[in-house]
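Quick notes on the structure that follows.
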Amino acid sequence: METNRRVFLKVAGLATLGFMVTKPALDVFARGQFGEASVGEALDPPHEVGTTTKWGMAVNLTACSEKDGCTACTDACHDYHNVPDIDNKEEEIKWIWTAPYEKVFPEHGNEFIEDDLRGSEVMVLCNHCEHPPCIKVCPTRATWKREDGIVMMDFHRCIGCRYCMAGCPYGARSFNWKDPRPFIKETNPDFPTRTRGVVEKCNFCAKRLSKGLQPACVEACPEKALTFGNLLDDHSELREILATHTIVRRLPELGTEPNVYYYKAD
Amino acid sequence: MYDAGKIISGIIIFFILVSFPIWISAASGTIGDVPELNLPADEEQCVEDAEWMRANHMDLLIDWRETVVREGVRVYTASDGKEYNMSLTDTCLDCHSPKAEFCDQCHDYVAAVPNCWSCHVDPGGS
């Protein structure tokens, strides 16, 4: 057959059209179904069954002497993690801090409550929830739940969208609105600082745990009001406390299952 | 040729401007400068072979970063079997601090700007 321009263009056009129609159709059949992984599956954190560690904490409401102006745990934590000291409610960064009892436990804000609880300051920090809402909303998986229960932050991956801050019902996350470095009095070279546009929060001292140390706040508390331990270890001090006291957790109705417990010592 | 004077002088000015980086460094006497690395005196061997490190340190660091932060594994076994703590500040800078005398030497030379230091702290200087 003689190939002139007219014939060539006809053949080329038909071939392109045929490819455009058949390729997507073949792709659909090749997959068998219409897509494989559903969105829900993809967002679920990798979870290994049969892990032997689940870190948790118990806060002794009676022993905490914050009402006397003690800030030992906050200082120790913030010094270790290079948390900037920004004296401005809108831009402040906090990993462990205090809030009034009625704000921490709104469901306990009865008209009549125990005198020593009313208006008392309660230590609050990231609850390292069993079902953390913050990780479900993170678009880059910069925050995720480790096998040992720690809700971890990867500052490298954080794009600063602040979805996690909207997701966290406990306000445990802070955003770096500006370069934090000028607000750090003494920089600890063992831990990185953050940069502008990154969210940060308590990480249960993951780095100290890897060295076999207790979290900085637990170590620093002069009243030993904070107890840290493995919730899956039947004989841990933490489990002993939980077994012998009336315990409360923050906003239990949300189903986040916090791993930070509060109790009153006898 | 019309306007030969203008064209030729224009070409000369163009080449002077284009060659600006060359003659400015020639004039300031820095033309033959190469990075001067302050190598640790008491260590013979880096984590891996120096030649390999020169080419691949960035991949190694990214790998360390992912392994430590995402997987929680902190021990790196080098190809010679030696174990290292995977830490930029604790391990790398233990030998190579201050970074100004090591990292910055080459990075400045080739105008590579890694963003490690916007968060990580060099114990030996800023």
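Chain lettering (A, B, ...) mirrors the order of the structure tokens, residue numbering begins at 1 for each chain separately, and ligand numbering begins at 1 in order of display.
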Quick one: everything within 9 Å of segment 78-93 of chain B, counting only C-alpha atoms, minus sequence neighbours fewer than 2 positions away in the same chain. Send it as a ChimeraX atom specification.
-> /A:189-192 /B:46-49,61,64-65,67-68,73-76,95-99,120-124
Residue subset to file, keeping N, CA and C atoms, as an mmCIF file, in the first residue's frame:
data_model
loop_
_atom_site.group_PDB
_atom_site.id
_atom_site.type_symbol
_atom_site.label_atom_id
_atom_site.label_comp_id
_atom_site.auth_asym_id
_atom_site.auth_seq_id
_atom_site.Cartn_x
_atom_site.Cartn_y
_atom_site.Cartn_z
ATOM 1 N N PRO A 189 22.340 20.465 73.572
ATOM 2 C CA PRO A 189 22.744 19.922 72.265
ATOM 3 C C PRO A 189 22.305 18.480 72.055
ATOM 4 N N ASP A 190 21.890 17.797 73.139
ATOM 5 C CA ASP A 190 21.452 16.411 73.005
ATOM 6 C C ASP A 190 20.117 16.280 72.302
ATOM 7 N N PHE A 191 19.370 17.370 72.210
ATOM 8 C CA PHE A 191 18.048 17.307 71.599
ATOM 9 C C PHE A 191 17.925 18.465 70.628
ATOM 10 N N PRO A 192 17.356 18.200 69.446
ATOM 11 C CA PRO A 192 17.252 19.305 68.478
ATOM 12 C C PRO A 192 16.255 20.361 68.940
ATOM 13 N N CYS B 46 36.190 6.447 59.767
ATOM 14 C CA CYS B 46 34.850 6.991 59.976
ATOM 15 C C CYS B 46 33.893 5.807 60.102
ATOM 16 N N VAL B 47 32.607 6.099 60.210
ATOM 17 C CA VAL B 47 31.617 5.027 60.339
ATOM 18 C C VAL B 47 31.780 4.013 59.212
ATOM 19 N N GLU B 48 31.937 4.541 58.007
ATOM 20 C CA GLU B 48 32.255 3.688 56.864
ATOM 21 C C GLU B 48 33.535 4.247 56.243
ATOM 22 N N ASP B 49 33.976 3.583 55.203
ATOM 23 C CA ASP B 49 35.146 3.999 54.451
ATOM 24 C C ASP B 49 35.030 5.458 54.010
ATOM 25 N N LEU B 61 22.814 9.574 56.392
ATOM 26 C CA LEU B 61 22.168 10.389 57.421
ATOM 27 C C LEU B 61 20.642 10.304 57.321
ATOM 28 N N TRP B 64 19.714 6.958 58.696
ATOM 29 C CA TRP B 64 19.785 6.988 60.157
ATOM 30 C C TRP B 64 18.562 7.700 60.731
ATOM 31 N N ARG B 65 18.239 8.825 60.127
ATOM 32 C CA ARG B 65 17.105 9.630 60.591
ATOM 33 C C ARG B 65 15.830 8.795 60.592
ATOM 34 N N THR B 67 15.505 5.522 60.469
ATOM 35 C CA THR B 67 15.592 4.352 61.334
ATOM 36 C C THR B 67 15.398 4.733 62.794
ATOM 37 N N VAL B 68 16.008 5.832 63.213
ATOM 38 C CA VAL B 68 15.903 6.235 64.617
ATOM 39 C C VAL B 68 14.514 6.762 64.921
ATOM 40 N N VAL B 73 15.057 2.359 66.222
ATOM 41 C CA VAL B 73 16.298 1.583 66.311
ATOM 42 C C VAL B 73 17.459 2.563 66.284
ATOM 43 N N ARG B 74 18.373 2.457 67.250
ATOM 44 C CA ARG B 74 19.410 3.469 67.366
ATOM 45 C C ARG B 74 20.821 2.947 67.140
ATOM 46 N N VAL B 75 20.964 1.669 66.913
ATOM 47 C CA VAL B 75 22.310 1.138 66.740
ATOM 48 C C VAL B 75 22.544 0.784 65.273
ATOM 49 N N TYR B 76 23.650 1.310 64.737
ATOM 50 C CA TYR B 76 24.016 1.053 63.351
ATOM 51 C C TYR B 76 25.215 0.115 63.338
ATOM 52 N N CYS B 95 33.280 13.580 66.517
ATOM 53 C CA CYS B 95 34.578 13.732 65.851
ATOM 54 C C CYS B 95 34.646 15.036 65.063
ATOM 55 N N HIS B 96 33.529 15.397 64.421
ATOM 56 C CA HIS B 96 33.575 16.454 63.415
ATOM 57 C C HIS B 96 33.063 17.794 63.907
ATOM 58 N N SER B 97 33.155 18.057 65.202
ATOM 59 C CA SER B 97 32.733 19.356 65.708
ATOM 60 C C SER B 97 33.968 20.243 65.877
ATOM 61 N N PRO B 98 33.883 21.531 65.615
ATOM 62 C CA PRO B 98 32.707 22.265 65.138
ATOM 63 C C PRO B 98 32.456 22.012 63.664
ATOM 64 N N LYS B 99 31.183 22.076 63.320
ATOM 65 C CA LYS B 99 30.810 21.762 61.939
ATOM 66 C C LYS B 99 31.401 22.758 60.951
ATOM 67 N N HIS B 120 18.978 20.853 64.464
ATOM 68 C CA HIS B 120 20.026 20.171 65.226
ATOM 69 C C HIS B 120 21.093 21.162 65.681
ATOM 70 N N VAL B 121 21.647 20.869 66.840
ATOM 71 C CA VAL B 121 22.564 21.806 67.477
ATOM 72 C C VAL B 121 23.978 21.249 67.438
ATOM 73 N N ASP B 122 24.917 22.063 67.019
ATOM 74 C CA ASP B 122 26.326 21.697 67.050
ATOM 75 C C ASP B 122 26.876 22.069 68.422
ATOM 76 N N PRO B 123 27.252 21.072 69.222
ATOM 77 C CA PRO B 123 27.715 21.390 70.573
ATOM 78 C C PRO B 123 28.990 22.248 70.560
ATOM 79 N N GLY B 124 29.734 22.187 69.449
ATOM 80 C CA GLY B 124 31.007 22.896 69.391
ATOM 81 C C GLY B 124 30.914 24.293 68.822
#
Report the residues of segment 20-245 of chain A whose backbone DSSP state falls under strand (DSSP E or B), written as number ranges by chain.
-> A: 55-60, 96-100, 121-125, 143-145, 151-153, 174-175, 199-200, 226-230
With distances taken over only C-alpha atoms, which of A:Arg173, A:His245, A:Arg141, A:Arg239 is nearest to chain B?
->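 With only C-alpha atoms as the atom set, the closest residue is A:Arg141.
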Which residues come within 12 Å of Trp97 of chain A, counting only C-alpha atoms, excluding same-chain residues fewer than 5 positions away, as a list in words?
-> Glu66, Cys70, Thr71, Ala72, Cys73, Thr74, Asp75, Ala76, Cys77, His78, Glu92, Val104, Glu121, Val122, Met123, Val124, Leu125, Cys126, Tyr170, Gly171, Ala172, Arg173, Ser174, Lys201, Cys202 and Cys217 of chain A
Could you dump the residues just selected with N, CA and C atoms as a PDB file, in the first residue's frame?
ATOM      1  N   GLU A  66       2.245  21.713  92.840  1.00  0.00           N
ATOM      2  CA  GLU A  66       2.265  22.852  91.922  1.00  0.00           C
ATOM      3  C   GLU A  66       1.608  24.065  92.551  1.00  0.00           C
ATOM      4  N   CYS A  70       5.622  25.138  92.544  1.00  0.00           N
ATOM      5  CA  CYS A  70       6.686  24.269  92.046  1.00  0.00           C
ATOM      6  C   CYS A  70       6.517  24.069  90.539  1.00  0.00           C
ATOM      7  N   THR A  71       7.593  24.232  89.798  1.00  0.00           N
ATOM      8  CA  THR A  71       7.532  23.991  88.351  1.00  0.00           C
ATOM      9  C   THR A  71       8.660  23.057  87.934  1.00  0.00           C
ATOM     10  N   ALA A  72       9.077  22.179  88.861  1.00  0.00           N
ATOM     11  CA  ALA A  72      10.251  21.326  88.613  1.00  0.00           C
ATOM     12  C   ALA A  72      10.087  20.457  87.370  1.00  0.00           C
ATOM     13  N   CYS A  73       8.911  19.830  87.212  1.00  0.00           N
ATOM     14  CA  CYS A  73       8.743  18.912  86.077  1.00  0.00           C
ATOM     15  C   CYS A  73       8.727  19.675  84.760  1.00  0.00           C
ATOM     16  N   THR A  74       8.000  20.786  84.744  1.00  0.00           N
ATOM     17  CA  THR A  74       7.938  21.584  83.521  1.00  0.00           C
ATOM     18  C   THR A  74       9.329  22.080  83.144  1.00  0.00           C
ATOM     19  N   ASP A  75      10.060  22.578  84.141  1.00  0.00           N
ATOM     20  CA  ASP A  75      11.405  23.092  83.862  1.00  0.00           C
ATOM     21  C   ASP A  75      12.307  21.998  83.310  1.00  0.00           C
ATOM     22  N   ALA A  76      12.274  20.823  83.972  1.00  0.00           N
ATOM     23  CA  ALA A  76      13.155  19.739  83.548  1.00  0.00           C
ATOM     24  C   ALA A  76      12.841  19.329  82.118  1.00  0.00           C
ATOM     25  N   CYS A  77      11.549  19.196  81.830  1.00  0.00           N
ATOM     26  CA  CYS A  77      11.133  18.781  80.486  1.00  0.00           C
ATOM     27  C   CYS A  77      11.523  19.826  79.453  1.00  0.00           C
ATOM     28  N   HIS A  78      11.165  21.060  79.740  1.00  0.00           N
ATOM     29  CA  HIS A  78      11.389  22.102  78.746  1.00  0.00           C
ATOM     30  C   HIS A  78      12.876  22.392  78.542  1.00  0.00           C
ATOM     31  N   GLU A  92       2.704  30.524  72.838  1.00  0.00           N
ATOM     32  CA  GLU A  92       3.515  29.743  73.778  1.00  0.00           C
ATOM     33  C   GLU A  92       3.608  28.281  73.336  1.00  0.00           C
ATOM     34  N   VAL A 104      -9.474  20.625  83.467  1.00  0.00           N
ATOM     35  CA  VAL A 104      -8.869  19.358  83.079  1.00  0.00           C
ATOM     36  C   VAL A 104      -9.925  18.252  83.072  1.00  0.00           C
ATOM     37  N   GLU A 121      -4.389  23.228  90.690  1.00  0.00           N
ATOM     38  CA  GLU A 121      -3.705  23.120  89.403  1.00  0.00           C
ATOM     39  C   GLU A 121      -3.312  21.664  89.179  1.00  0.00           C
ATOM     40  N   VAL A 122      -3.575  21.158  88.000  1.00  0.00           N
ATOM     41  CA  VAL A 122      -3.314  19.757  87.671  1.00  0.00           C
ATOM     42  C   VAL A 122      -2.301  19.692  86.526  1.00  0.00           C
ATOM     43  N   MET A 123      -1.324  18.783  86.678  1.00  0.00           N
ATOM     44  CA  MET A 123      -0.338  18.618  85.605  1.00  0.00           C
ATOM     45  C   MET A 123      -1.011  17.966  84.404  1.00  0.00           C
ATOM     46  N   VAL A 124      -0.814  18.553  83.244  1.00  0.00           N
ATOM     47  CA  VAL A 124      -1.345  17.939  82.028  1.00  0.00           C
ATOM     48  C   VAL A 124      -0.243  17.849  80.983  1.00  0.00           C
ATOM     49  N   LEU A 125      -0.355  16.825  80.157  1.00  0.00           N
ATOM     50  CA  LEU A 125       0.623  16.589  79.096  1.00  0.00           C
ATOM     51  C   LEU A 125      -0.066  15.747  78.033  1.00  0.00           C
ATOM     52  N   CYS A 126       0.633  15.419  76.996  1.00  0.00           N
ATOM     53  CA  CYS A 126       0.059  14.542  75.972  1.00  0.00           C
ATOM     54  C   CYS A 126      -0.341  13.237  76.624  1.00  0.00           C
ATOM     55  N   TYR A 170      -7.205  17.611  73.877  1.00  0.00           N
ATOM     56  CA  TYR A 170      -6.568  17.987  75.140  1.00  0.00           C
ATOM     57  C   TYR A 170      -5.659  19.200  75.005  1.00  0.00           C
ATOM     58  N   GLY A 171      -5.554  19.743  73.804  1.00  0.00           N
ATOM     59  CA  GLY A 171      -4.687  20.911  73.605  1.00  0.00           C
ATOM     60  C   GLY A 171      -3.230  20.614  73.896  1.00  0.00           C
ATOM     61  N   ALA A 172      -2.826  19.361  73.641  1.00  0.00           N
ATOM     62  CA  ALA A 172      -1.474  18.957  74.036  1.00  0.00           C
ATOM     63  C   ALA A 172      -0.416  19.376  73.046  1.00  0.00           C
ATOM     64  N   ARG A 173      -0.835  19.970  71.932  1.00  0.00           N
ATOM     65  CA  ARG A 173       0.139  20.294  70.893  1.00  0.00           C
ATOM     66  C   ARG A 173       0.300  21.792  70.731  1.00  0.00           C
ATOM     67  N   SER A 174       1.528  22.193  70.445  1.00  0.00           N
ATOM     68  CA  SER A 174       1.826  23.612  70.255  1.00  0.00           C
ATOM     69  C   SER A 174       2.460  23.822  68.890  1.00  0.00           C
ATOM     70  N   LYS A 201       5.088  18.472  70.766  1.00  0.00           N
ATOM     71  CA  LYS A 201       4.380  18.017  71.960  1.00  0.00           C
ATOM     72  C   LYS A 201       5.267  17.042  72.718  1.00  0.00           C
ATOM     73  N   CYS A 202       4.762  16.631  73.886  1.00  0.00           N
ATOM     74  CA  CYS A 202       5.460  15.636  74.712  1.00  0.00           C
ATOM     75  C   CYS A 202       5.652  14.346  73.924  1.00  0.00           C
ATOM     76  N   CYS A 217      10.451  14.663  83.509  1.00  0.00           N
ATOM     77  CA  CYS A 217       9.505  15.213  84.493  1.00  0.00           C
ATOM     78  C   CYS A 217       9.396  14.296  85.706  1.00  0.00           C
TER      79      CYS A 217
END
For chain A against chain B, with a cut-off of 12 Å and counting only C-alpha atoms, what is the closest atom pair and its distance in Å to one decimal for every residue that makes the cut, ordered by chain and number, as a Markdown table?
| residue | atom | partner | partner_atom | distance |
| --- | --- | --- | --- | --- |
| A:Pro46 | CA | B:Glu71 | CA | 11.3 |
| A:His81 | CA | B:Cys119 | CA | 11.6 |
| A:Asn82 | CA | B:Cys119 | CA | 10.2 |
| A:Val83 | CA | B:Cys119 | CA | 11.9 |
| A:Arg141 | CA | B:Arg70 | CA | 10.2 |
| A:Ala142 | CA | B:Arg70 | CA | 9.3 |
| A:Thr143 | CA | B:Arg70 | CA | 9.6 |
| A:Trp144 | CA | B:Arg70 | CA | 8.8 |
| A:Lys145 | CA | B:Arg70 | CA | 9.9 |
| A:Arg146 | CA | B:Glu71 | CA | 8.1 |
| A:Glu147 | CA | B:Glu71 | CA | 9.3 |
| A:Asp148 | CA | B:Gly72 | CA | 10.0 |
| A:Ile150 | CA | B:Gly72 | CA | 10.9 |
| A:Val151 | CA | B:Arg70 | CA | 11.3 |
| A:Met152 | CA | B:Val69 | CA | 8.4 |
| A:Met153 | CA | B:Val69 | CA | 8.3 |
| A:Asp154 | CA | B:Val69 | CA | 6.5 |
| A:Phe155 | CA | B:Cys119 | CA | 9.2 |
| A:His156 | CA | B:Arg65 | CA | 8.9 |
| A:Arg157 | CA | B:Glu66 | CA | 10.3 |
| A:Asp179 | CA | B:Ser118 | CA | 9.4 |
| A:Pro180 | CA | B:Cys119 | CA | 9.7 |
| A:Arg181 | CA | B:Cys119 | CA | 8.8 |
| A:Glu186 | CA | B:Val121 | CA | 11.5 |
| A:Thr187 | CA | B:Val121 | CA | 7.9 |
| A:Asn188 | CA | B:Val121 | CA | 7.9 |
| A:Pro189 | CA | B:Val121 | CA | 5.1 |
| A:Asp190 | CA | B:Thr89 | CA | 6.9 |
| A:Phe191 | CA | B:His120 | CA | 7.3 |
| A:Pro192 | CA | B:His120 | CA | 4.4 |
| A:Thr193 | CA | B:Cys119 | CA | 4.7 |
| A:Arg194 | CA | B:Cys119 | CA | 5.1 |
| A:Thr195 | CA | B:Cys119 | CA | 5.9 |
| A:Arg196 | CA | B:Ser118 | CA | 9.2 |
| A:Gly197 | CA | B:Ser118 | CA | 11.8 |
| A:Val198 | CA | B:Cys119 | CA | 10.7 |
| A:Asn203 | CA | B:Val69 | CA | 11.4 |
| A:Ala206 | CA | B:Gly72 | CA | 8.6 |
| A:Lys207 | CA | B:Gly72 | CA | 9.0 |
| A:Arg208 | CA | B:Gly72 | CA | 12.0 |
| A:Leu209 | CA | B:Gly72 | CA | 10.6 |
| A:Ser210 | CA | B:Arg74 | CA | 8.2 |
| A:Lys211 | CA | B:Arg74 | CA | 10.0 |
Dump of N, CA and C atoms for the selected residues, as a tab-separated table (two decimals), in the first residue's frame:
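Saved the output as result-v6.tsv:
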chain	number	residue	atom	x	y	z
A	46	PRO	N	0.35	1.36	61.44
A	46	PRO	CA	0.82	-0.02	61.51
A	46	PRO	C	0.83	-0.46	62.97
A	81	HIS	N	14.21	19.38	76.37
A	81	HIS	CA	13.73	19.33	74.99
A	81	HIS	C	13.84	20.65	74.24
A	82	ASN	N	14.57	21.60	74.81
A	82	ASN	CA	14.74	22.89	74.15
A	82	ASN	C	13.40	23.54	73.79
A	83	VAL	N	12.48	23.50	74.75
A	83	VAL	CA	11.17	24.13	74.51
A	83	VAL	C	11.31	25.62	74.77
A	141	ARG	N	1.73	11.78	57.96
A	141	ARG	CA	2.13	10.79	58.95
A	141	ARG	C	3.37	11.24	59.71
A	142	ALA	N	3.43	12.52	59.96
A	142	ALA	CA	4.52	13.04	60.78
A	142	ALA	C	4.30	12.66	62.23
A	143	THR	N	3.10	12.30	62.59
A	143	THR	CA	2.83	11.82	63.93
A	143	THR	C	2.16	10.47	63.80
A	144	TRP	N	2.57	9.55	64.65
A	144	TRP	CA	2.05	8.19	64.56
A	144	TRP	C	2.23	7.52	65.90
A	145	LYS	N	1.59	6.36	66.07
A	145	LYS	CA	1.68	5.65	67.34
A	145	LYS	C	2.70	4.54	67.24
A	146	ARG	N	3.69	4.61	68.13
A	146	ARG	CA	4.72	3.57	68.12
A	146	ARG	C	4.17	2.29	68.75
A	147	GLU	N	4.90	1.21	68.53
A	147	GLU	CA	4.45	-0.06	69.10
A	147	GLU	C	4.43	-0.04	70.62
A	148	ASP	N	5.25	0.80	71.23
A	148	ASP	CA	5.27	0.85	72.69
A	148	ASP	C	4.27	1.89	73.21
A	150	ILE	N	3.81	5.09	72.48
A	150	ILE	CA	4.13	6.51	72.44
A	150	ILE	C	3.58	7.13	71.16
A	151	VAL	N	2.86	8.23	71.32
A	151	VAL	CA	2.41	8.98	70.15
A	151	VAL	C	3.56	9.91	69.78
A	152	MET	N	4.26	9.53	68.72
A	152	MET	CA	5.54	10.13	68.38
A	152	MET	C	5.36	11.22	67.33
A	153	MET	N	6.29	12.16	67.34
A	153	MET	CA	6.31	13.23	66.34
A	153	MET	C	7.58	13.09	65.53
A	154	ASP	N	7.48	13.19	64.22
A	154	ASP	CA	8.67	13.29	63.38
A	154	ASP	C	8.72	14.71	62.86
A	155	PHE	N	9.55	15.54	63.52
A	155	PHE	CA	9.60	16.96	63.16
A	155	PHE	C	10.05	17.14	61.70
A	156	HIS	N	10.83	16.17	61.20
A	156	HIS	CA	11.30	16.29	59.83
A	156	HIS	C	10.15	16.31	58.84
A	157	ARG	N	9.09	15.56	59.18
A	157	ARG	CA	8.01	15.41	58.21
A	157	ARG	C	6.88	16.39	58.40
A	179	ASP	N	10.50	31.45	64.81
A	179	ASP	CA	11.72	30.71	65.12
A	179	ASP	C	11.89	30.61	66.63
A	180	PRO	N	11.90	29.39	67.19
A	180	PRO	CA	11.95	29.26	68.64
A	180	PRO	C	13.33	29.54	69.24
A	181	ARG	N	14.36	29.53	68.44
A	181	ARG	CA	15.72	29.56	68.99
A	181	ARG	C	16.02	30.77	69.86
A	186	GLU	N	18.96	28.22	77.38
A	186	GLU	CA	20.17	27.42	77.27
A	186	GLU	C	19.86	26.20	76.41
A	187	THR	N	20.53	26.07	75.28
A	187	THR	CA	20.21	24.99	74.36
A	187	THR	C	20.91	23.71	74.79
A	188	ASN	N	20.11	22.63	74.86
A	188	ASN	CA	20.66	21.32	75.15
A	188	ASN	C	21.04	20.66	73.83
A	189	PRO	N	22.34	20.46	73.57
A	189	PRO	CA	22.74	19.92	72.26
A	189	PRO	C	22.30	18.48	72.05
A	190	ASP	N	21.89	17.80	73.14
A	190	ASP	CA	21.45	16.41	73.00
A	190	ASP	C	20.12	16.28	72.30
A	191	PHE	N	19.37	17.37	72.21
A	191	PHE	CA	18.05	17.31	71.60
A	191	PHE	C	17.93	18.46	70.63
A	192	PRO	N	17.36	18.20	69.45
A	192	PRO	CA	17.25	19.31	68.48
A	192	PRO	C	16.26	20.36	68.94
A	193	THR	N	16.41	21.55	68.44
A	193	THR	CA	15.36	22.54	68.62
A	193	THR	C	14.34	22.30	67.50
A	194	ARG	N	13.34	23.11	67.45
A	194	ARG	CA	12.43	23.02	66.31
A	194	ARG	C	12.64	24.24	65.45
A	195	THR	N	11.93	24.26	64.36
A	195	THR	CA	12.03	25.40	63.48
A	195	THR	C	10.63	26.00	63.30
A	196	ARG	N	10.57	27.16	62.73
A	196	ARG	CA	9.27	27.80	62.52
A	196	ARG	C	8.38	26.89	61.66
A	197	GLY	N	7.09	26.83	62.00
A	197	GLY	CA	6.16	26.07	61.17
A	197	GLY	C	6.08	24.59	61.50
A	198	VAL	N	6.47	24.21	62.72
A	198	VAL	CA	6.44	22.81	63.12
A	198	VAL	C	5.62	22.68	64.39
A	203	ASN	N	6.85	13.73	74.05
A	203	ASN	CA	7.08	12.45	73.38
A	203	ASN	C	7.42	11.36	74.40
A	206	ALA	N	11.08	9.82	74.64
A	206	ALA	CA	11.48	8.63	73.87
A	206	ALA	C	12.99	8.46	73.84
A	207	LYS	N	13.72	9.57	73.75
A	207	LYS	CA	15.18	9.46	73.67
A	207	LYS	C	15.77	9.00	75.01
A	208	ARG	N	15.23	9.55	76.11
A	208	ARG	CA	15.72	9.13	77.42
A	208	ARG	C	15.37	7.65	77.68
A	209	LEU	N	14.16	7.25	77.24
A	209	LEU	CA	13.76	5.85	77.43
A	209	LEU	C	14.72	4.91	76.71
A	210	SER	N	15.19	5.35	75.53
A	210	SER	CA	16.11	4.49	74.77
A	210	SER	C	17.44	4.33	75.49
A	211	LYS	N	17.73	5.24	76.42
A	211	LYS	CA	18.95	5.11	77.20
A	211	LYS	C	18.68	4.46	78.55
Mind checking which residues fall within 10 Å of segment 231-236 of chain A, counting only C-alpha atoms, ignoring those fewer than 4 positions away in the same chain, and posting them as a PyMOL selection string?
-> chain A and resi 51-57+148-149+240-243+259
Sel. of helix (DSSP H, G or I) residues, segment 13-124 of chain B, as an MDAnalysis selection string = chainID B and resid 13:18 20:28 50:71 88:96 99:101 103:109 116:118
Calculate how many Å separate atom CA of Pro35 of chain B from atom CA of Cys106 of chain B, rounding to one decimal.
->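 Straight-line distance from atom CA of Pro35 of chain B to atom CA of Cys106 of chain B works out to 5.6 Å.
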Which residues come within 7 Å of Tyr261 of chain A, counting only C-alpha atoms, excluding same-chain residues fewer than 4 positions away, as a PyMOL selection string?
-> chain A and resi 57-59+247-249
Atom CA of Asn127 of chain A to atom CA of Lys94 of chain A, straight-line distance in Å =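 About the pair atom CA of Lys94 of chain A and atom CA of Asn127 of chain A: they are 13.7 Å apart.
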Report the distance between atom CA of Thr77 of chain B and atom CA of Ala112 of chain B in Å, rounded to one decimal place.
->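 Interatomic distance here is 28.3 Å.
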